[in-house]
file query.txt (compact mmCIF, N, CA and C atoms and all ligand atoms)
# COMPACT_ATOMS: atom_id res chain seq x y z
N MET A 1 4.02 -8.09 -39.00
CA MET A 1 3.43 -6.93 -38.35
C MET A 1 2.37 -6.33 -39.25
N ALA A 2 1.35 -5.71 -38.64
CA ALA A 2 0.27 -5.10 -39.39
C ALA A 2 -0.16 -3.81 -38.71
N LYS A 3 -0.43 -2.80 -39.53
CA LYS A 3 -0.88 -1.52 -38.97
C LYS A 3 -2.36 -1.62 -38.61
N VAL A 4 -2.67 -1.21 -37.37
CA VAL A 4 -4.03 -1.25 -36.87
C VAL A 4 -4.42 0.14 -36.41
N LYS A 5 -5.62 0.61 -36.85
CA LYS A 5 -6.12 1.90 -36.36
C LYS A 5 -6.53 1.72 -34.92
N VAL A 6 -5.99 2.57 -34.04
CA VAL A 6 -6.24 2.38 -32.61
C VAL A 6 -6.96 3.54 -31.95
N ALA A 7 -6.88 4.72 -32.55
CA ALA A 7 -7.48 5.90 -31.89
C ALA A 7 -7.50 7.07 -32.86
N LYS A 8 -8.21 8.10 -32.46
CA LYS A 8 -8.15 9.40 -33.12
C LYS A 8 -7.11 10.24 -32.37
N LEU A 9 -6.43 11.10 -33.08
CA LEU A 9 -5.41 11.94 -32.45
C LEU A 9 -6.00 12.73 -31.28
N SER A 10 -7.26 13.15 -31.41
CA SER A 10 -7.90 13.96 -30.35
C SER A 10 -8.10 13.17 -29.06
N GLU A 11 -7.96 11.83 -29.11
CA GLU A 11 -8.15 11.02 -27.91
C GLU A 11 -6.89 10.92 -27.06
N VAL A 12 -5.76 11.31 -27.63
CA VAL A 12 -4.51 11.23 -26.88
C VAL A 12 -3.75 12.56 -27.04
N LEU A 13 -4.13 13.48 -26.19
CA LEU A 13 -3.57 14.84 -26.25
C LEU A 13 -2.17 14.85 -25.66
N PRO A 14 -1.38 15.88 -25.97
CA PRO A 14 -0.01 15.95 -25.43
C PRO A 14 0.00 15.82 -23.90
N GLY A 15 0.90 15.00 -23.41
CA GLY A 15 1.03 14.76 -21.97
C GLY A 15 0.12 13.67 -21.44
N LYS A 16 -0.64 13.02 -22.34
CA LYS A 16 -1.62 12.01 -21.92
C LYS A 16 -1.22 10.61 -22.41
N MET A 17 -1.77 9.60 -21.72
CA MET A 17 -1.64 8.20 -22.13
C MET A 17 -3.02 7.58 -22.14
N ILE A 18 -3.23 6.64 -23.05
CA ILE A 18 -4.46 5.85 -23.04
C ILE A 18 -4.08 4.37 -23.16
N GLY A 19 -4.96 3.51 -22.68
CA GLY A 19 -4.77 2.07 -22.83
C GLY A 19 -5.43 1.58 -24.10
N LEU A 20 -4.83 0.58 -24.73
CA LEU A 20 -5.38 0.01 -25.95
C LEU A 20 -5.52 -1.50 -25.77
N ASP A 21 -6.53 -2.07 -26.41
CA ASP A 21 -6.66 -3.52 -26.45
C ASP A 21 -6.64 -3.90 -27.91
N ILE A 22 -5.51 -4.42 -28.37
CA ILE A 22 -5.36 -4.77 -29.78
C ILE A 22 -5.21 -6.27 -29.90
N GLN A 23 -6.23 -6.89 -30.45
CA GLN A 23 -6.23 -8.34 -30.63
C GLN A 23 -5.89 -9.05 -29.32
N GLY A 24 -6.48 -8.57 -28.23
CA GLY A 24 -6.28 -9.19 -26.92
C GLY A 24 -4.99 -8.79 -26.23
N LYS A 25 -4.21 -7.92 -26.85
CA LYS A 25 -2.94 -7.48 -26.26
C LYS A 25 -3.11 -6.06 -25.70
N LYS A 26 -2.66 -5.85 -24.47
CA LYS A 26 -2.77 -4.53 -23.83
C LYS A 26 -1.55 -3.70 -24.16
N LEU A 27 -1.79 -2.53 -24.76
CA LEU A 27 -0.73 -1.59 -25.09
C LEU A 27 -1.07 -0.24 -24.50
N LEU A 28 -0.09 0.63 -24.45
CA LEU A 28 -0.38 2.01 -24.11
C LEU A 28 0.07 2.88 -25.27
N LEU A 29 -0.65 3.99 -25.42
CA LEU A 29 -0.34 4.99 -26.43
C LEU A 29 -0.13 6.30 -25.68
N ALA A 30 1.00 6.94 -25.91
CA ALA A 30 1.32 8.17 -25.19
C ALA A 30 1.69 9.27 -26.17
N ASN A 31 1.38 10.49 -25.76
CA ASN A 31 1.71 11.67 -26.56
C ASN A 31 2.67 12.54 -25.74
N VAL A 32 3.91 12.65 -26.22
CA VAL A 32 4.90 13.50 -25.55
C VAL A 32 5.26 14.62 -26.51
N GLY A 33 4.80 15.80 -26.19
CA GLY A 33 5.11 16.97 -27.00
C GLY A 33 4.65 16.86 -28.44
N GLY A 34 3.55 16.14 -28.67
CA GLY A 34 3.01 16.00 -30.02
C GLY A 34 3.51 14.77 -30.76
N LYS A 35 4.47 14.05 -30.19
CA LYS A 35 4.96 12.81 -30.82
C LYS A 35 4.33 11.62 -30.09
N LEU A 36 3.88 10.65 -30.88
CA LEU A 36 3.17 9.50 -30.31
C LEU A 36 4.09 8.29 -30.16
N TYR A 37 3.88 7.55 -29.07
CA TYR A 37 4.66 6.35 -28.77
C TYR A 37 3.71 5.23 -28.34
N ALA A 38 4.01 4.01 -28.77
CA ALA A 38 3.24 2.85 -28.34
C ALA A 38 4.20 1.85 -27.70
N MET A 39 3.72 1.24 -26.61
CA MET A 39 4.55 0.29 -25.86
C MET A 39 3.61 -0.71 -25.20
N ASP A 40 4.14 -1.88 -24.84
CA ASP A 40 3.33 -2.82 -24.07
C ASP A 40 2.75 -2.08 -22.87
N GLY A 41 1.50 -2.40 -22.52
CA GLY A 41 0.81 -1.62 -21.50
C GLY A 41 0.81 -2.22 -20.11
N LEU A 42 1.28 -3.48 -19.97
CA LEU A 42 1.26 -4.11 -18.65
C LEU A 42 2.66 -4.17 -18.08
N CYS A 43 2.79 -3.75 -16.85
CA CYS A 43 4.08 -3.77 -16.16
C CYS A 43 4.58 -5.21 -16.08
N THR A 44 5.89 -5.38 -16.24
CA THR A 44 6.46 -6.74 -16.19
C THR A 44 6.58 -7.26 -14.76
N HIS A 45 6.35 -6.41 -13.78
CA HIS A 45 6.41 -6.87 -12.39
C HIS A 45 5.14 -7.65 -12.03
N MET A 46 4.01 -6.96 -11.93
CA MET A 46 2.76 -7.63 -11.57
C MET A 46 1.60 -7.10 -12.39
N ALA A 47 1.89 -6.81 -13.66
CA ALA A 47 0.85 -6.45 -14.63
C ALA A 47 0.07 -5.19 -14.30
N GLY A 48 0.72 -4.23 -13.64
CA GLY A 48 0.06 -2.94 -13.43
C GLY A 48 -0.29 -2.30 -14.77
N HIS A 49 -1.40 -1.57 -14.78
CA HIS A 49 -1.85 -0.89 -16.00
C HIS A 49 -1.04 0.40 -16.16
N LEU A 50 -0.04 0.35 -17.01
CA LEU A 50 0.90 1.47 -17.10
C LEU A 50 0.23 2.75 -17.59
N TRP A 51 -0.82 2.64 -18.40
CA TRP A 51 -1.49 3.85 -18.91
C TRP A 51 -2.22 4.59 -17.78
N GLU A 52 -2.39 3.94 -16.64
CA GLU A 52 -3.00 4.60 -15.48
C GLU A 52 -1.94 5.19 -14.55
N GLY A 53 -0.68 5.06 -14.95
CA GLY A 53 0.42 5.56 -14.13
C GLY A 53 0.81 6.97 -14.52
N GLY A 54 2.04 7.31 -14.20
CA GLY A 54 2.52 8.67 -14.45
C GLY A 54 3.31 8.75 -15.74
N LEU A 55 3.21 9.89 -16.40
CA LEU A 55 4.01 10.18 -17.60
C LEU A 55 4.85 11.40 -17.28
N ILE A 56 6.16 11.17 -17.11
CA ILE A 56 7.07 12.24 -16.73
C ILE A 56 8.12 12.33 -17.83
N GLY A 57 7.95 13.30 -18.73
CA GLY A 57 8.84 13.36 -19.89
C GLY A 57 8.66 12.10 -20.71
N MET A 58 9.75 11.36 -20.93
CA MET A 58 9.69 10.12 -21.70
C MET A 58 9.58 8.90 -20.79
N THR A 59 9.33 9.13 -19.52
CA THR A 59 9.28 8.02 -18.55
C THR A 59 7.84 7.71 -18.16
N VAL A 60 7.52 6.40 -18.20
CA VAL A 60 6.21 5.93 -17.73
C VAL A 60 6.44 5.25 -16.38
N LYS A 61 5.68 5.68 -15.38
CA LYS A 61 5.82 5.13 -14.03
C LYS A 61 4.62 4.26 -13.68
N CYS A 62 4.89 3.03 -13.28
CA CYS A 62 3.81 2.11 -12.93
C CYS A 62 3.06 2.60 -11.70
N PRO A 63 1.72 2.57 -11.75
CA PRO A 63 0.93 3.07 -10.63
C PRO A 63 0.97 2.13 -9.42
N ARG A 64 1.45 0.90 -9.58
CA ARG A 64 1.38 -0.05 -8.46
C ARG A 64 2.60 0.03 -7.53
N HIS A 65 3.80 -0.19 -8.06
CA HIS A 65 4.99 -0.22 -7.18
C HIS A 65 6.13 0.61 -7.74
N GLY A 66 5.83 1.49 -8.68
CA GLY A 66 6.80 2.51 -9.09
C GLY A 66 7.86 2.13 -10.11
N ALA A 67 7.78 0.96 -10.71
CA ALA A 67 8.75 0.65 -11.77
C ALA A 67 8.63 1.70 -12.87
N GLU A 68 9.75 1.98 -13.54
CA GLU A 68 9.73 2.99 -14.60
C GLU A 68 10.28 2.41 -15.90
N TYR A 69 9.73 2.91 -17.01
CA TYR A 69 10.09 2.44 -18.34
C TYR A 69 10.31 3.63 -19.26
N ASP A 70 11.26 3.48 -20.18
CA ASP A 70 11.51 4.52 -21.17
C ASP A 70 10.60 4.28 -22.37
N LEU A 71 9.84 5.31 -22.74
CA LEU A 71 8.86 5.17 -23.82
C LEU A 71 9.50 4.89 -25.17
N ALA A 72 10.66 5.46 -25.43
CA ALA A 72 11.28 5.30 -26.75
C ALA A 72 11.84 3.90 -26.96
N THR A 73 12.35 3.30 -25.86
CA THR A 73 13.05 2.02 -26.01
C THR A 73 12.34 0.86 -25.32
N GLY A 74 11.44 1.15 -24.38
CA GLY A 74 10.79 0.11 -23.58
C GLY A 74 11.66 -0.36 -22.42
N LYS A 75 12.85 0.19 -22.29
CA LYS A 75 13.78 -0.26 -21.24
C LYS A 75 13.24 0.03 -19.84
N ASN A 76 13.40 -0.95 -18.96
CA ASN A 76 13.06 -0.76 -17.54
C ASN A 76 14.20 0.05 -16.91
N THR A 77 13.88 1.27 -16.49
CA THR A 77 14.91 2.17 -15.98
C THR A 77 14.91 2.27 -14.46
N LYS A 78 13.85 1.76 -13.81
CA LYS A 78 13.80 1.76 -12.34
C LYS A 78 13.01 0.54 -11.89
N LYS A 79 13.55 -0.16 -10.90
CA LYS A 79 12.88 -1.36 -10.37
C LYS A 79 11.73 -0.96 -9.45
N PRO A 80 10.80 -1.89 -9.17
CA PRO A 80 9.72 -1.60 -8.21
C PRO A 80 10.31 -1.31 -6.83
N TRP A 81 9.57 -0.59 -5.99
CA TRP A 81 10.07 -0.24 -4.66
C TRP A 81 10.03 -1.42 -3.70
N LEU A 82 9.37 -2.51 -4.02
CA LEU A 82 9.32 -3.66 -3.13
C LEU A 82 10.69 -4.34 -3.05
N PRO A 83 11.10 -4.82 -1.90
CA PRO A 83 12.41 -5.50 -1.80
C PRO A 83 12.47 -6.71 -2.72
N PHE A 84 13.56 -6.87 -3.40
CA PHE A 84 13.85 -8.02 -4.28
C PHE A 84 12.96 -8.10 -5.52
N ALA A 85 12.08 -7.14 -5.73
CA ALA A 85 11.19 -7.20 -6.90
C ALA A 85 11.97 -6.88 -8.16
N LYS A 86 11.60 -7.53 -9.24
CA LYS A 86 12.27 -7.30 -10.52
C LYS A 86 11.25 -6.83 -11.56
N ALA A 87 11.77 -6.12 -12.55
CA ALA A 87 10.96 -5.75 -13.71
C ALA A 87 11.87 -5.84 -14.92
N PHE A 88 11.31 -6.03 -16.06
CA PHE A 88 12.09 -6.26 -17.27
C PHE A 88 11.67 -5.29 -18.37
N ASP A 89 12.40 -5.31 -19.48
CA ASP A 89 12.11 -4.39 -20.58
C ASP A 89 10.80 -4.76 -21.28
N LEU A 90 10.18 -3.75 -21.87
CA LEU A 90 8.93 -3.92 -22.62
C LEU A 90 9.21 -3.73 -24.11
N LYS A 91 8.26 -4.17 -24.92
CA LYS A 91 8.37 -4.01 -26.38
C LYS A 91 7.72 -2.68 -26.78
N THR A 92 8.32 -2.02 -27.74
CA THR A 92 7.72 -0.80 -28.30
C THR A 92 7.26 -1.09 -29.72
N TYR A 93 6.38 -0.22 -30.24
CA TYR A 93 5.76 -0.45 -31.54
C TYR A 93 5.76 0.84 -32.35
N PRO A 94 6.00 0.75 -33.67
CA PRO A 94 5.96 1.95 -34.50
C PRO A 94 4.55 2.53 -34.56
N VAL A 95 4.49 3.86 -34.54
CA VAL A 95 3.21 4.57 -34.63
C VAL A 95 3.24 5.45 -35.87
N SER A 96 2.11 5.51 -36.59
CA SER A 96 2.02 6.40 -37.75
C SER A 96 0.63 7.02 -37.77
N MET A 97 0.45 8.00 -38.66
CA MET A 97 -0.82 8.71 -38.75
C MET A 97 -1.37 8.54 -40.16
N GLU A 98 -2.70 8.51 -40.24
CA GLU A 98 -3.40 8.51 -41.52
C GLU A 98 -4.55 9.51 -41.33
N GLY A 99 -4.33 10.74 -41.75
CA GLY A 99 -5.29 11.79 -41.45
C GLY A 99 -5.31 12.00 -39.94
N ASP A 100 -6.50 11.85 -39.32
CA ASP A 100 -6.64 12.01 -37.87
C ASP A 100 -6.53 10.67 -37.14
N ASP A 101 -6.36 9.58 -37.91
CA ASP A 101 -6.29 8.26 -37.30
C ASP A 101 -4.88 7.92 -36.87
N VAL A 102 -4.77 7.32 -35.68
CA VAL A 102 -3.47 6.85 -35.18
C VAL A 102 -3.39 5.36 -35.47
N LEU A 103 -2.28 4.94 -36.08
CA LEU A 103 -2.07 3.52 -36.41
C LEU A 103 -0.86 3.00 -35.64
N VAL A 104 -0.99 1.78 -35.13
CA VAL A 104 0.13 1.13 -34.47
C VAL A 104 0.45 -0.15 -35.23
N ASP A 105 1.74 -0.36 -35.45
CA ASP A 105 2.21 -1.54 -36.18
C ASP A 105 2.45 -2.66 -35.16
N VAL A 106 1.53 -3.59 -35.07
CA VAL A 106 1.66 -4.68 -34.06
C VAL A 106 1.97 -6.01 -34.71
S1 LIG B 1 3.12 -3.97 -11.00
FE1 LIG B 1 4.38 -2.40 -11.80
S2 LIG B 1 5.86 -2.07 -10.28
FE2 LIG B 1 4.65 -3.67 -9.48

call {"tool": "encode", "arguments": {"input": "query.txt", "output": "structure tokens"}}
result
Amino acid sequence: MAKVKVAKLSEVLPGKMIGLDIQGKKLLLANVGGKLYAMDGLCTHMAGHLWEGGLIGMTVKCPRHGAEYDLATGKNTKKPWLPFAKAFDLKTYPVSMEGDDVLVDV
């Protein structure tokens, strides 16, 4: 794993998510109450862009078919609304700060 500078703190304000492209991998960075979280950014159902979805507390909701994921663990907590559709857990990544820079350990 290696720490990569991904954003300035001012780019991800509390209650917001942004999408990241790190070495060709799509991640999301979210700020919940001043604490930052990084997680895989593509939904495991049909690759919805999770950073374009909803952030409700610690839950990220996919904008396409409503699957939900826990930001702290990456666990899929709600399946898509489509019949028989499945979604799986995502990977999470450690986040740290260096001055105003946000670093993600990928
Ligand atoms: S792509 Fe995310 S729920 Fe379908």

call {"tool": "atom_distance", "arguments": {"input": "query.txt", "atom1": "atom N of A:Val6", "atom2": "atom C of A:Met39"}}
result
13.5 Å

call {"tool": "residues_near_ligand", "arguments": {"input": "query.txt", "ligand": "ligand LIG 1 (chain B)", "cutoff": "12 Å", "atoms": "only C-alpha atoms and all ligand atoms", "output": "compact mmCIF listing (two decimals) with N, CA and C atoms, in the coordinates of the input"}}
result
# COMPACT_ATOMS: atom_id res chain seq x y z
N GLY A 41 1.50 -2.40 -22.52
CA GLY A 41 0.81 -1.62 -21.50
C GLY A 41 0.81 -2.22 -20.11
N LEU A 42 1.28 -3.48 -19.97
CA LEU A 42 1.26 -4.11 -18.65
C LEU A 42 2.66 -4.17 -18.08
N CYS A 43 2.79 -3.75 -16.85
CA CYS A 43 4.08 -3.77 -16.16
C CYS A 43 4.58 -5.21 -16.08
N THR A 44 5.89 -5.38 -16.24
CA THR A 44 6.46 -6.74 -16.19
C THR A 44 6.58 -7.26 -14.76
N HIS A 45 6.35 -6.41 -13.78
CA HIS A 45 6.41 -6.87 -12.39
C HIS A 45 5.14 -7.65 -12.03
N MET A 46 4.01 -6.96 -11.93
CA MET A 46 2.76 -7.63 -11.57
C MET A 46 1.60 -7.10 -12.39
N ALA A 47 1.89 -6.81 -13.66
CA ALA A 47 0.85 -6.45 -14.63
C ALA A 47 0.07 -5.19 -14.30
N GLY A 48 0.72 -4.23 -13.64
CA GLY A 48 0.06 -2.94 -13.43
C GLY A 48 -0.29 -2.30 -14.77
N HIS A 49 -1.40 -1.57 -14.78
CA HIS A 49 -1.85 -0.89 -16.00
C HIS A 49 -1.04 0.40 -16.16
N LEU A 50 -0.04 0.35 -17.01
CA LEU A 50 0.90 1.47 -17.10
C LEU A 50 0.23 2.75 -17.59
N TRP A 51 -0.82 2.64 -18.40
CA TRP A 51 -1.49 3.85 -18.91
C TRP A 51 -2.22 4.59 -17.78
N GLU A 52 -2.39 3.94 -16.64
CA GLU A 52 -3.00 4.60 -15.48
C GLU A 52 -1.94 5.19 -14.55
N GLY A 53 -0.68 5.06 -14.95
CA GLY A 53 0.42 5.56 -14.13
C GLY A 53 0.81 6.97 -14.52
N GLY A 54 2.04 7.31 -14.20
CA GLY A 54 2.52 8.67 -14.45
C GLY A 54 3.31 8.75 -15.74
N VAL A 60 7.52 6.40 -18.20
CA VAL A 60 6.21 5.93 -17.73
C VAL A 60 6.44 5.25 -16.38
N LYS A 61 5.68 5.68 -15.38
CA LYS A 61 5.82 5.13 -14.03
C LYS A 61 4.62 4.26 -13.68
N CYS A 62 4.89 3.03 -13.28
CA CYS A 62 3.81 2.11 -12.93
C CYS A 62 3.06 2.60 -11.70
N PRO A 63 1.72 2.57 -11.75
CA PRO A 63 0.93 3.07 -10.63
C PRO A 63 0.97 2.13 -9.42
N ARG A 64 1.45 0.90 -9.58
CA ARG A 64 1.38 -0.05 -8.46
C ARG A 64 2.60 0.03 -7.53
N HIS A 65 3.80 -0.19 -8.06
CA HIS A 65 4.99 -0.22 -7.18
C HIS A 65 6.13 0.61 -7.74
N GLY A 66 5.83 1.49 -8.68
CA GLY A 66 6.80 2.51 -9.09
C GLY A 66 7.86 2.13 -10.11
N ALA A 67 7.78 0.96 -10.71
CA ALA A 67 8.75 0.65 -11.77
C ALA A 67 8.63 1.70 -12.87
N GLU A 68 9.75 1.98 -13.54
CA GLU A 68 9.73 2.99 -14.60
C GLU A 68 10.28 2.41 -15.90
N TYR A 69 9.73 2.91 -17.01
CA TYR A 69 10.09 2.44 -18.34
C TYR A 69 10.31 3.63 -19.26
N ASN A 76 13.40 -0.95 -18.96
CA ASN A 76 13.06 -0.76 -17.54
C ASN A 76 14.20 0.05 -16.91
N THR A 77 13.88 1.27 -16.49
CA THR A 77 14.91 2.17 -15.98
C THR A 77 14.91 2.27 -14.46
N LYS A 78 13.85 1.76 -13.81
CA LYS A 78 13.80 1.76 -12.34
C LYS A 78 13.01 0.54 -11.89
N LYS A 79 13.55 -0.16 -10.90
CA LYS A 79 12.88 -1.36 -10.37
C LYS A 79 11.73 -0.96 -9.45
N PRO A 80 10.80 -1.89 -9.17
CA PRO A 80 9.72 -1.60 -8.21
C PRO A 80 10.31 -1.31 -6.83
N TRP A 81 9.57 -0.59 -5.99
CA TRP A 81 10.07 -0.24 -4.66
C TRP A 81 10.03 -1.42 -3.70
N LEU A 82 9.37 -2.51 -4.02
CA LEU A 82 9.32 -3.66 -3.13
C LEU A 82 10.69 -4.34 -3.05
N PRO A 83 11.10 -4.82 -1.90
CA PRO A 83 12.41 -5.50 -1.80
C PRO A 83 12.47 -6.71 -2.72
N PHE A 84 13.56 -6.87 -3.40
CA PHE A 84 13.85 -8.02 -4.28
C PHE A 84 12.96 -8.10 -5.52
N ALA A 85 12.08 -7.14 -5.73
CA ALA A 85 11.19 -7.20 -6.90
C ALA A 85 11.97 -6.88 -8.16
N LYS A 86 11.60 -7.53 -9.24
CA LYS A 86 12.27 -7.30 -10.52
C LYS A 86 11.25 -6.83 -11.56
N ALA A 87 11.77 -6.12 -12.55
CA ALA A 87 10.96 -5.75 -13.71
C ALA A 87 11.87 -5.84 -14.92
N PHE A 88 11.31 -6.03 -16.06
CA PHE A 88 12.09 -6.26 -17.27
C PHE A 88 11.67 -5.29 -18.37
N ASP A 89 12.40 -5.31 -19.48
CA ASP A 89 12.11 -4.39 -20.58
C ASP A 89 10.80 -4.76 -21.28
N LEU A 90 10.18 -3.75 -21.87
CA LEU A 90 8.93 -3.92 -22.62
C LEU A 90 9.21 -3.73 -24.11

call {"tool": "atom_distance", "arguments": {"input": "query.txt", "atom1": "atom N of A:Asn31", "atom2": "atom CA of A:Val102"}}
result
11.2 Å

call {"tool": "axis_aligned_box", "arguments": {"input": "query.txt", "around": "stretch 32-47 of chain A", "padding_each_side": "5 Å", "output": "JSON"}}
result
{"center_x": 3.3, "center_y": 4.7, "center_z": -21.2, "size_x": 16.5, "size_y": 34.6, "size_z": 29.3}

call {"tool": "residues_around", "arguments": {"input": "query.txt", "residues": "stretch 9-16 of chain A", "least_positions_apart": "6", "cutoff": "5 Å", "atoms": "only N, CA and C atoms", "output": "PyMOL selection string"}}
result
chain A and resi 30-34+100+102

call {"tool": "atom_distance", "arguments": {"input": "query.txt", "atom1": "atom N of A:Glu98", "atom2": "atom C of A:Lys35"}}
result
12.7 Å

call {"tool": "select_by_dssp", "arguments": {"input": "query.txt", "residues": "stretch 8-103 of chain A", "states": "strand (DSSP E or B)", "output": "PyMOL selection string"}}
result
chain A and resi 8+17-22+25-32+35-40+42+49+54-56+59-61+68-70+76-78+92-93+95-98+101-103

call {"tool": "closest_residue", "arguments": {"input": "query.txt", "among": "A:Lys5, A:Lys75, A:Lys91, A:Lys26", "to": "A:Met58", "atoms": "only C-alpha atoms"}}
result
A:Lys75

call {"tool": "select_by_dssp", "arguments": {"input": "query.txt", "residues": "stretch 2-68 of chain A", "states": "helix (DSSP H, G or I)", "output": "list in words"}}
result
Leu9, Ser10, Glu11, Leu50, Trp51 and Glu52 of chain A

call {"tool": "residues_around", "arguments": {"input": "query.txt", "residues": "A:Pro94", "least_positions_apart": "6", "cutoff": "7 Å", "atoms": "all atoms listed in the file", "output": "list of chain:residue names"}}
result
A:Tyr37, A:Ala38, A:Leu103, A:Val104, A:Asp105, A:Val106
